[in-house]
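Trainee: Before anything else, here's the structure in question.
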Amino acid sequence: MKKIDSTVENYPFESNDFRHYFQNLYRDRGIKAFYQFLNRPLRRSFSRSLIKKYAPVGLGLEVGVGERTIAPTDRTILSDGFAEHGVGQSIARAYFKGDDTPFEDETLSFVLSEHVLEHIPNPIKSLKEWIRILKVGGKLIIFLPHKERTNDCHRSVTSLEHLISDYEKDVSINDDTHFQDWWENVVEKGLMPEHYKHIPKDELISTGSVHHHVWTEKEIIELFEYLGLKVLFYDPKVYDRRDSFAVIAEKTS
Ligand SMILES: C[S@@+](CC[C@H](N)C(=O)[O-])C[C@H]1O[C@@H](n2cnc3c(N)ncnc32)[C@H](O)[C@@H]1O
Ligand SMILES: [Zn+2]
């Protein structure tokens, strides 16, 4: 387990972020990866431009980087909660959970996270952590699967009241109600992701593979405003990641 210095000066930043994007794309798709890589929209140029616009300078953290990144890697700490995620090897260079990061207060200019908050059992706890480590003026850049365009389409959206209750109860990864909801409304409807089918139930939970909660941009905007953030941008259907919506917010005080 690699830990990193909370001053971040010792972190090894890398200049070529496309290598990180490409390496697992190649493993998944073989020769087709070259086409996807060279095809601008599939290379996530729109999403990258959002990061460039809202976080043009300063150090950032990506939480739950998984297999590939669109972060500017010459100034982003790539982290993941699990050394090996159920769907493959993470490219993370540092490992810690999203609700317990090794940084001082107000260290970072942005926190980026794509398709991760739904894997976290207690989202408010993690979001408070991400807000704590952001500088005033820092940006939270979040991409999430949209309820209607993923395997969660039969589930109900998660309300703000539910998330507050999870936070008050200090809900952990072992929460049974989240897993039950996922099992009944995803697995029993025949929508379990193919690459999860060989993974034992315990491991699905312990590797953070299950979607604990389900959202659209509306609930996330409400949640961010509840947490005192100023929402700067949202997109219900991200042009170069069509199952996703994005919300970008600023820490103002
Ligand atoms: C669906 S993958 C997304 C990976 C990548 N960000 C992407 O967009 O393709 C979810 C990632 O979140 C990570 N993860 C799950 N729970 C986490 C937690 N509590 N803290 C940090 N990372 C977590 C997993 O290990 C996995 O890499
Ligand atoms: Zn919950």
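Residue numbering restarts at 1 for every chain of the structure tokens, chains are lettered A, B, ... in their displayed order, and ligands are numbered from 1 as they appear.
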Can I get the residues close to ligand 1 as a ChimeraX atom specification, where close means within 8 Å and we count only C-alpha atoms and all ligand atoms?

Mentor: /A:63-69,79-87,90,95-99,113-117,119-121,143,207-209

Trainee: Taking only C-alpha atoms and all ligand atoms into account, which residues have an atom no farther than 9 Å from ligand 2? I'd like them as number ranges by chain.

Mentor: A: 121-123, 158, 162-167, 171, 175, 177-178, 212-213

Trainee: List the spatial neighbours of A:Arg48 as a PDB file with C-alpha atoms, in the first residue's frame - criterion: any atom at most 10 Å away, only C-alpha atoms, same-chain residues fewer than 2 positions off excluded.

Mentor:
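Done, and the output landed in around-v4.pdb:
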```pdb
ATOM      1  CA  ARG A  43     -10.532  10.451 -26.317  1.00  0.00           C
ATOM      2  CA  ARG A  44     -12.780  12.525 -24.040  1.00  0.00           C
ATOM      3  CA  SER A  45     -11.706  15.913 -25.364  1.00  0.00           C
ATOM      4  CA  PHE A  46     -14.960  17.507 -24.181  1.00  0.00           C
ATOM      5  CA  LEU A  50     -14.197  21.010 -18.764  1.00  0.00           C
ATOM      6  CA  ILE A  51     -11.346  20.223 -16.369  1.00  0.00           C
ATOM      7  CA  LYS A  52      -9.116  22.708 -18.166  1.00  0.00           C
ATOM      8  CA  LYS A  53     -11.783  25.404 -17.985  1.00  0.00           C
ATOM      9  CA  THR A  69      -7.846   8.867 -16.456  1.00  0.00           C
ATOM     10  CA  ILE A  70      -8.718  12.140 -18.169  1.00  0.00           C
ATOM     11  CA  ALA A  71      -7.030  14.202 -15.438  1.00  0.00           C
ATOM     12  CA  PRO A  72      -3.992  16.363 -16.243  1.00  0.00           C
ATOM     13  CA  ASP A 240     -18.095  12.040 -24.707  1.00  0.00           C
TER      14      ASP A 240
END
```

Trainee: How would you write, as a compact mmCIF listing (two decimals) with N, CA and C atoms, in the first residue's frame, the set of residues in stretch 35-243 of chain A that DSSP gives as strand (DSSP E)?

Mentor:
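Result file part-v5.txt:
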```
# COMPACT_ATOMS: atom_id res chain seq x y z
N GLY A 60 -4.35 18.69 -8.11
CA GLY A 60 -5.64 18.05 -7.90
C GLY A 60 -5.49 16.61 -7.46
N LEU A 61 -6.61 16.05 -7.06
CA LEU A 61 -6.68 14.65 -6.67
C LEU A 61 -7.77 13.99 -7.50
N GLU A 62 -7.48 12.81 -8.07
CA GLU A 62 -8.56 12.00 -8.64
C GLU A 62 -8.83 10.85 -7.68
N VAL A 63 -10.09 10.72 -7.28
CA VAL A 63 -10.50 9.64 -6.37
C VAL A 63 -11.10 8.51 -7.21
N THR A 76 -1.98 15.98 -11.06
CA THR A 76 -3.08 15.29 -10.38
C THR A 76 -2.58 14.03 -9.69
N ILE A 77 -2.92 13.86 -8.44
CA ILE A 77 -2.60 12.64 -7.71
C ILE A 77 -3.66 11.60 -8.08
N LEU A 78 -3.21 10.50 -8.65
CA LEU A 78 -4.14 9.45 -9.06
C LEU A 78 -4.30 8.46 -7.91
N SER A 79 -5.50 8.35 -7.38
CA SER A 79 -5.70 7.47 -6.22
C SER A 79 -6.87 6.53 -6.45
N ASP A 80 -6.90 5.48 -5.65
CA ASP A 80 -8.03 4.56 -5.69
C ASP A 80 -8.18 3.94 -4.30
N GLU A 84 -6.64 -3.49 -6.29
CA GLU A 84 -7.15 -4.16 -7.48
C GLU A 84 -8.67 -4.10 -7.44
N HIS A 85 -9.21 -3.38 -8.40
CA HIS A 85 -10.66 -3.30 -8.47
C HIS A 85 -11.20 -4.52 -9.21
N GLY A 88 -10.45 -4.85 -12.93
CA GLY A 88 -9.10 -4.84 -13.50
C GLY A 88 -8.12 -4.14 -12.61
N GLN A 89 -6.93 -3.95 -13.12
CA GLN A 89 -5.86 -3.32 -12.33
C GLN A 89 -5.98 -1.81 -12.39
N ALA A 94 -1.51 5.86 -5.64
CA ALA A 94 -1.69 5.97 -4.18
C ALA A 94 -3.03 5.36 -3.85
N TYR A 95 -3.09 4.70 -2.68
CA TYR A 95 -4.31 3.98 -2.33
C TYR A 95 -4.84 4.45 -0.98
N LEU A 108 -5.76 21.36 -1.93
CA LEU A 108 -5.86 21.06 -3.37
C LEU A 108 -6.75 22.04 -4.14
N SER A 109 -6.43 22.20 -5.43
CA SER A 109 -7.22 23.10 -6.27
C SER A 109 -8.43 22.43 -6.88
N PHE A 110 -8.36 21.10 -7.01
CA PHE A 110 -9.56 20.40 -7.50
C PHE A 110 -9.56 18.95 -7.03
N VAL A 111 -10.76 18.42 -6.91
CA VAL A 111 -10.94 16.98 -6.69
C VAL A 111 -11.82 16.50 -7.84
N LEU A 112 -11.31 15.50 -8.55
CA LEU A 112 -12.03 14.92 -9.69
C LEU A 112 -12.41 13.50 -9.33
N SER A 113 -13.61 13.11 -9.71
CA SER A 113 -14.01 11.73 -9.47
C SER A 113 -15.04 11.33 -10.52
N GLU A 114 -14.76 10.22 -11.20
CA GLU A 114 -15.66 9.73 -12.26
C GLU A 114 -16.19 8.37 -11.89
N LEU A 134 -10.13 20.69 -0.18
CA LEU A 134 -10.12 21.71 -1.24
C LEU A 134 -9.78 23.07 -0.67
N LYS A 135 -9.01 23.85 -1.42
CA LYS A 135 -8.79 25.26 -1.06
C LYS A 135 -10.10 26.02 -1.28
N VAL A 136 -10.25 27.15 -0.62
CA VAL A 136 -11.38 28.02 -0.95
C VAL A 136 -11.18 28.45 -2.42
N GLY A 137 -12.23 28.32 -3.20
CA GLY A 137 -12.10 28.59 -4.64
C GLY A 137 -11.81 27.30 -5.42
N GLY A 138 -11.51 26.22 -4.71
CA GLY A 138 -11.23 24.93 -5.36
C GLY A 138 -12.50 24.32 -5.95
N LYS A 139 -12.30 23.41 -6.91
CA LYS A 139 -13.45 22.86 -7.64
C LYS A 139 -13.61 21.36 -7.41
N LEU A 140 -14.86 20.98 -7.31
CA LEU A 140 -15.22 19.57 -7.25
C LEU A 140 -15.79 19.21 -8.62
N ILE A 141 -15.17 18.24 -9.28
CA ILE A 141 -15.57 17.88 -10.66
C ILE A 141 -16.01 16.43 -10.64
N ILE A 142 -17.32 16.23 -10.81
CA ILE A 142 -17.89 14.90 -10.59
C ILE A 142 -18.62 14.41 -11.85
N PHE A 143 -18.26 13.22 -12.29
CA PHE A 143 -19.01 12.53 -13.35
C PHE A 143 -19.66 11.30 -12.71
N LEU A 144 -20.93 11.08 -13.01
CA LEU A 144 -21.63 9.93 -12.44
C LEU A 144 -22.52 9.27 -13.48
N PRO A 145 -22.78 7.97 -13.30
CA PRO A 145 -23.72 7.33 -14.22
C PRO A 145 -25.14 7.88 -13.98
N LEU A 229 -21.80 24.14 -1.32
CA LEU A 229 -21.02 24.40 -2.54
C LEU A 229 -21.82 25.25 -3.50
N LYS A 230 -21.10 25.97 -4.35
CA LYS A 230 -21.77 26.75 -5.40
C LYS A 230 -21.65 25.98 -6.72
N VAL A 231 -22.77 25.58 -7.27
CA VAL A 231 -22.73 24.81 -8.52
C VAL A 231 -22.43 25.76 -9.68
N LEU A 232 -21.38 25.44 -10.45
CA LEU A 232 -20.95 26.30 -11.56
C LEU A 232 -21.41 25.78 -12.91
N PHE A 233 -21.56 24.44 -12.98
CA PHE A 233 -21.84 23.82 -14.28
C PHE A 233 -22.51 22.48 -14.06
N TYR A 234 -23.45 22.14 -14.92
CA TYR A 234 -23.92 20.75 -14.94
C TYR A 234 -24.31 20.37 -16.35
N ASP A 235 -24.23 19.08 -16.63
CA ASP A 235 -24.59 18.57 -17.95
C ASP A 235 -25.29 17.23 -17.73
```

Trainee: If you run DSSP on the backbone here, which positions in stretch 11-244 of chain A get alpha helix (DSSP H)? Please write them as a compact mmCIF listing (two decimals) with N, CA and C atoms, in the first residue's frame.

Mentor:
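New file states_36.txt:
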```txt
# COMPACT_ATOMS: atom_id res chain seq x y z
N ASP A 17 -0.53 12.10 -19.75
CA ASP A 17 -1.78 11.49 -19.27
C ASP A 17 -2.39 10.55 -20.31
N PHE A 18 -2.07 10.74 -21.58
CA PHE A 18 -2.66 9.86 -22.59
C PHE A 18 -2.17 8.42 -22.45
N ARG A 19 -0.95 8.25 -21.91
CA ARG A 19 -0.46 6.88 -21.67
C ARG A 19 -1.41 6.16 -20.71
N HIS A 20 -1.80 6.88 -19.65
CA HIS A 20 -2.71 6.27 -18.67
C HIS A 20 -4.06 5.96 -19.29
N TYR A 21 -4.49 6.85 -20.18
CA TYR A 21 -5.78 6.63 -20.83
C TYR A 21 -5.70 5.41 -21.74
N PHE A 22 -4.56 5.31 -22.44
CA PHE A 22 -4.44 4.31 -23.49
C PHE A 22 -4.17 2.91 -22.96
N GLN A 23 -3.39 2.77 -21.87
CA GLN A 23 -2.86 1.45 -21.55
C GLN A 23 -3.93 0.41 -21.27
N ASN A 24 -4.99 0.81 -20.57
CA ASN A 24 -6.04 -0.16 -20.31
C ASN A 24 -7.06 -0.24 -21.43
N LEU A 25 -7.17 0.87 -22.16
CA LEU A 25 -8.01 0.83 -23.36
C LEU A 25 -7.47 -0.26 -24.29
N TYR A 26 -6.14 -0.32 -24.42
CA TYR A 26 -5.51 -1.33 -25.29
C TYR A 26 -5.77 -2.73 -24.74
N ARG A 27 -5.68 -2.87 -23.43
CA ARG A 27 -5.91 -4.20 -22.85
C ARG A 27 -7.35 -4.66 -23.10
N ASP A 28 -8.31 -3.72 -22.98
CA ASP A 28 -9.73 -4.06 -23.20
C ASP A 28 -10.05 -4.32 -24.66
N ARG A 29 -9.54 -3.45 -25.53
CA ARG A 29 -10.05 -3.43 -26.91
C ARG A 29 -9.05 -3.86 -27.95
N LYS A 32 -8.39 -2.11 -31.68
CA LYS A 32 -9.43 -1.06 -31.80
C LYS A 32 -9.10 0.14 -30.91
N ALA A 33 -8.27 -0.09 -29.89
CA ALA A 33 -7.89 1.00 -29.00
C ALA A 33 -7.21 2.13 -29.76
N PHE A 34 -6.43 1.78 -30.81
CA PHE A 34 -5.72 2.81 -31.56
C PHE A 34 -6.72 3.74 -32.23
N TYR A 35 -7.76 3.14 -32.83
CA TYR A 35 -8.80 3.95 -33.48
C TYR A 35 -9.48 4.85 -32.46
N GLN A 36 -9.86 4.25 -31.31
CA GLN A 36 -10.56 5.03 -30.29
C GLN A 36 -9.68 6.15 -29.76
N PHE A 37 -8.41 5.84 -29.62
CA PHE A 37 -7.49 6.80 -29.06
C PHE A 37 -7.32 8.00 -29.98
N LEU A 38 -7.30 7.69 -31.30
CA LEU A 38 -7.07 8.76 -32.27
C LEU A 38 -8.35 9.53 -32.59
N SER A 45 -12.20 14.53 -25.29
CA SER A 45 -11.71 15.91 -25.36
C SER A 45 -12.68 16.89 -24.71
N PHE A 46 -13.98 16.60 -24.80
CA PHE A 46 -14.96 17.51 -24.18
C PHE A 46 -14.79 17.52 -22.66
N SER A 47 -14.70 16.33 -22.07
CA SER A 47 -14.56 16.25 -20.61
C SER A 47 -13.23 16.86 -20.15
N ARG A 48 -12.19 16.60 -20.92
CA ARG A 48 -10.89 17.20 -20.58
C ARG A 48 -10.97 18.73 -20.63
N SER A 49 -11.72 19.23 -21.60
CA SER A 49 -11.81 20.70 -21.71
C SER A 49 -12.57 21.30 -20.53
N LEU A 50 -13.50 20.52 -19.97
CA LEU A 50 -14.20 21.01 -18.76
C LEU A 50 -13.21 21.16 -17.61
N ILE A 51 -12.34 20.16 -17.46
CA ILE A 51 -11.35 20.22 -16.37
C ILE A 51 -10.43 21.42 -16.60
N LYS A 52 -10.02 21.59 -17.84
CA LYS A 52 -9.12 22.71 -18.17
C LYS A 52 -9.79 24.05 -17.88
N LYS A 53 -11.08 24.14 -18.19
CA LYS A 53 -11.78 25.40 -17.99
C LYS A 53 -11.97 25.71 -16.50
N TYR A 54 -12.42 24.72 -15.72
CA TYR A 54 -12.77 25.00 -14.32
C TYR A 54 -11.60 24.82 -13.36
N PRO A 123 -21.96 8.74 0.99
CA PRO A 123 -21.43 9.80 0.11
C PRO A 123 -21.19 11.13 0.83
N ILE A 124 -22.07 11.48 1.79
CA ILE A 124 -21.86 12.78 2.46
C ILE A 124 -20.54 12.79 3.22
N LYS A 125 -20.22 11.63 3.85
CA LYS A 125 -18.96 11.54 4.59
C LYS A 125 -17.77 11.80 3.64
N SER A 126 -17.79 11.19 2.47
CA SER A 126 -16.69 11.40 1.51
C SER A 126 -16.69 12.81 0.96
N LEU A 127 -17.88 13.33 0.63
CA LEU A 127 -17.92 14.69 0.07
C LEU A 127 -17.40 15.71 1.08
N LYS A 128 -17.73 15.52 2.34
CA LYS A 128 -17.21 16.45 3.37
C LYS A 128 -15.68 16.38 3.40
N GLU A 129 -15.14 15.19 3.21
CA GLU A 129 -13.69 15.02 3.17
C GLU A 129 -13.10 15.75 1.95
N TRP A 130 -13.74 15.62 0.80
CA TRP A 130 -13.23 16.27 -0.41
C TRP A 130 -13.33 17.79 -0.27
N ILE A 131 -14.37 18.25 0.38
CA ILE A 131 -14.52 19.70 0.58
C ILE A 131 -13.45 20.19 1.59
N ARG A 132 -13.19 19.40 2.60
CA ARG A 132 -12.17 19.75 3.60
C ARG A 132 -10.81 19.98 2.95
N ILE A 133 -10.41 19.10 2.02
CA ILE A 133 -9.05 19.20 1.45
C ILE A 133 -8.97 20.20 0.30
N LEU A 160 -32.08 13.19 -0.87
CA LEU A 160 -31.17 13.87 0.06
C LEU A 160 -31.41 13.38 1.49
N GLU A 161 -32.68 13.16 1.85
CA GLU A 161 -33.01 12.68 3.21
C GLU A 161 -32.34 11.33 3.47
N HIS A 162 -32.34 10.46 2.48
CA HIS A 162 -31.69 9.15 2.62
C HIS A 162 -30.19 9.32 2.91
N LEU A 163 -29.55 10.23 2.16
CA LEU A 163 -28.09 10.43 2.32
C LEU A 163 -27.77 11.03 3.69
N ILE A 164 -28.63 11.94 4.14
CA ILE A 164 -28.42 12.55 5.46
C ILE A 164 -28.55 11.46 6.53
N SER A 165 -29.54 10.60 6.36
CA SER A 165 -29.74 9.51 7.32
C SER A 165 -28.54 8.55 7.31
N ASP A 166 -28.00 8.22 6.12
CA ASP A 166 -26.79 7.38 6.04
C ASP A 166 -25.65 8.03 6.81
N TYR A 167 -25.53 9.34 6.66
CA TYR A 167 -24.43 10.06 7.32
C TYR A 167 -24.62 10.03 8.84
N GLU A 168 -25.85 10.29 9.27
CA GLU A 168 -26.12 10.30 10.72
C GLU A 168 -25.91 8.92 11.34
N ASP A 176 -26.43 -3.48 4.48
CA ASP A 176 -27.17 -4.53 3.80
C ASP A 176 -28.30 -4.00 2.92
N THR A 177 -28.89 -2.87 3.33
CA THR A 177 -30.05 -2.36 2.59
C THR A 177 -29.63 -1.91 1.18
N HIS A 178 -28.45 -1.30 1.07
CA HIS A 178 -27.96 -0.88 -0.25
C HIS A 178 -27.77 -2.10 -1.15
N PHE A 179 -27.14 -3.13 -0.57
CA PHE A 179 -26.86 -4.33 -1.37
C PHE A 179 -28.16 -5.00 -1.80
N GLN A 180 -29.13 -5.07 -0.87
CA GLN A 180 -30.43 -5.68 -1.18
C GLN A 180 -31.11 -4.97 -2.34
N ASP A 181 -31.10 -3.63 -2.28
CA ASP A 181 -31.73 -2.83 -3.33
C ASP A 181 -31.05 -3.11 -4.68
N TRP A 182 -29.71 -3.17 -4.66
CA TRP A 182 -28.94 -3.46 -5.89
C TRP A 182 -29.28 -4.87 -6.42
N LYS A 201 -20.25 -12.85 -4.02
CA LYS A 201 -21.04 -11.77 -3.41
C LYS A 201 -20.22 -10.93 -2.40
N ASP A 202 -19.51 -11.63 -1.51
CA ASP A 202 -18.72 -10.92 -0.49
C ASP A 202 -17.73 -9.96 -1.12
N GLU A 203 -17.12 -10.47 -2.21
CA GLU A 203 -16.09 -9.67 -2.87
C GLU A 203 -16.70 -8.47 -3.61
N LEU A 204 -17.91 -8.66 -4.11
CA LEU A 204 -18.59 -7.54 -4.77
C LEU A 204 -18.74 -6.37 -3.79
N ILE A 205 -19.03 -6.73 -2.55
CA ILE A 205 -19.19 -5.68 -1.53
C ILE A 205 -17.82 -5.14 -1.11
N SER A 206 -16.90 -6.06 -0.79
CA SER A 206 -15.64 -5.62 -0.19
C SER A 206 -14.73 -4.89 -1.17
N GLU A 217 -28.56 14.37 -12.34
CA GLU A 217 -27.88 15.62 -11.98
C GLU A 217 -28.69 16.43 -10.95
N LYS A 218 -30.02 16.27 -10.95
CA LYS A 218 -30.86 17.08 -10.05
C LYS A 218 -30.55 16.80 -8.59
N GLU A 219 -30.48 15.53 -8.21
CA GLU A 219 -30.19 15.17 -6.81
C GLU A 219 -28.78 15.59 -6.41
N ILE A 220 -27.85 15.50 -7.36
CA ILE A 220 -26.46 15.86 -7.00
C ILE A 220 -26.34 17.39 -6.82
N ILE A 221 -27.04 18.14 -7.64
CA ILE A 221 -27.03 19.60 -7.46
C ILE A 221 -27.62 19.95 -6.08
N GLU A 222 -28.73 19.29 -5.75
CA GLU A 222 -29.37 19.53 -4.44
C GLU A 222 -28.40 19.18 -3.30
N LEU A 223 -27.71 18.05 -3.46
CA LEU A 223 -26.76 17.59 -2.44
C LEU A 223 -25.59 18.58 -2.30
N PHE A 224 -25.04 19.03 -3.42
CA PHE A 224 -23.91 19.95 -3.36
C PHE A 224 -24.33 21.27 -2.70
N GLU A 225 -25.52 21.73 -3.05
CA GLU A 225 -25.99 22.99 -2.44
C GLU A 225 -26.22 22.81 -0.94
N TYR A 226 -26.76 21.65 -0.55
CA TYR A 226 -26.93 21.33 0.88
C TYR A 226 -25.58 21.39 1.60
```

Trainee: Which residue gives the smallest distance to A:Asp74 among A:Ile31, A:Arg155, A:Thr107, A:Phe13, with only C-alpha atoms counted?

Mentor: A:Phe13

Trainee: Provide the atom CA of A:Val238 to atom CA of A:Ala92 distance in Å, to one decimal place.

Mentor: 24.0 Å
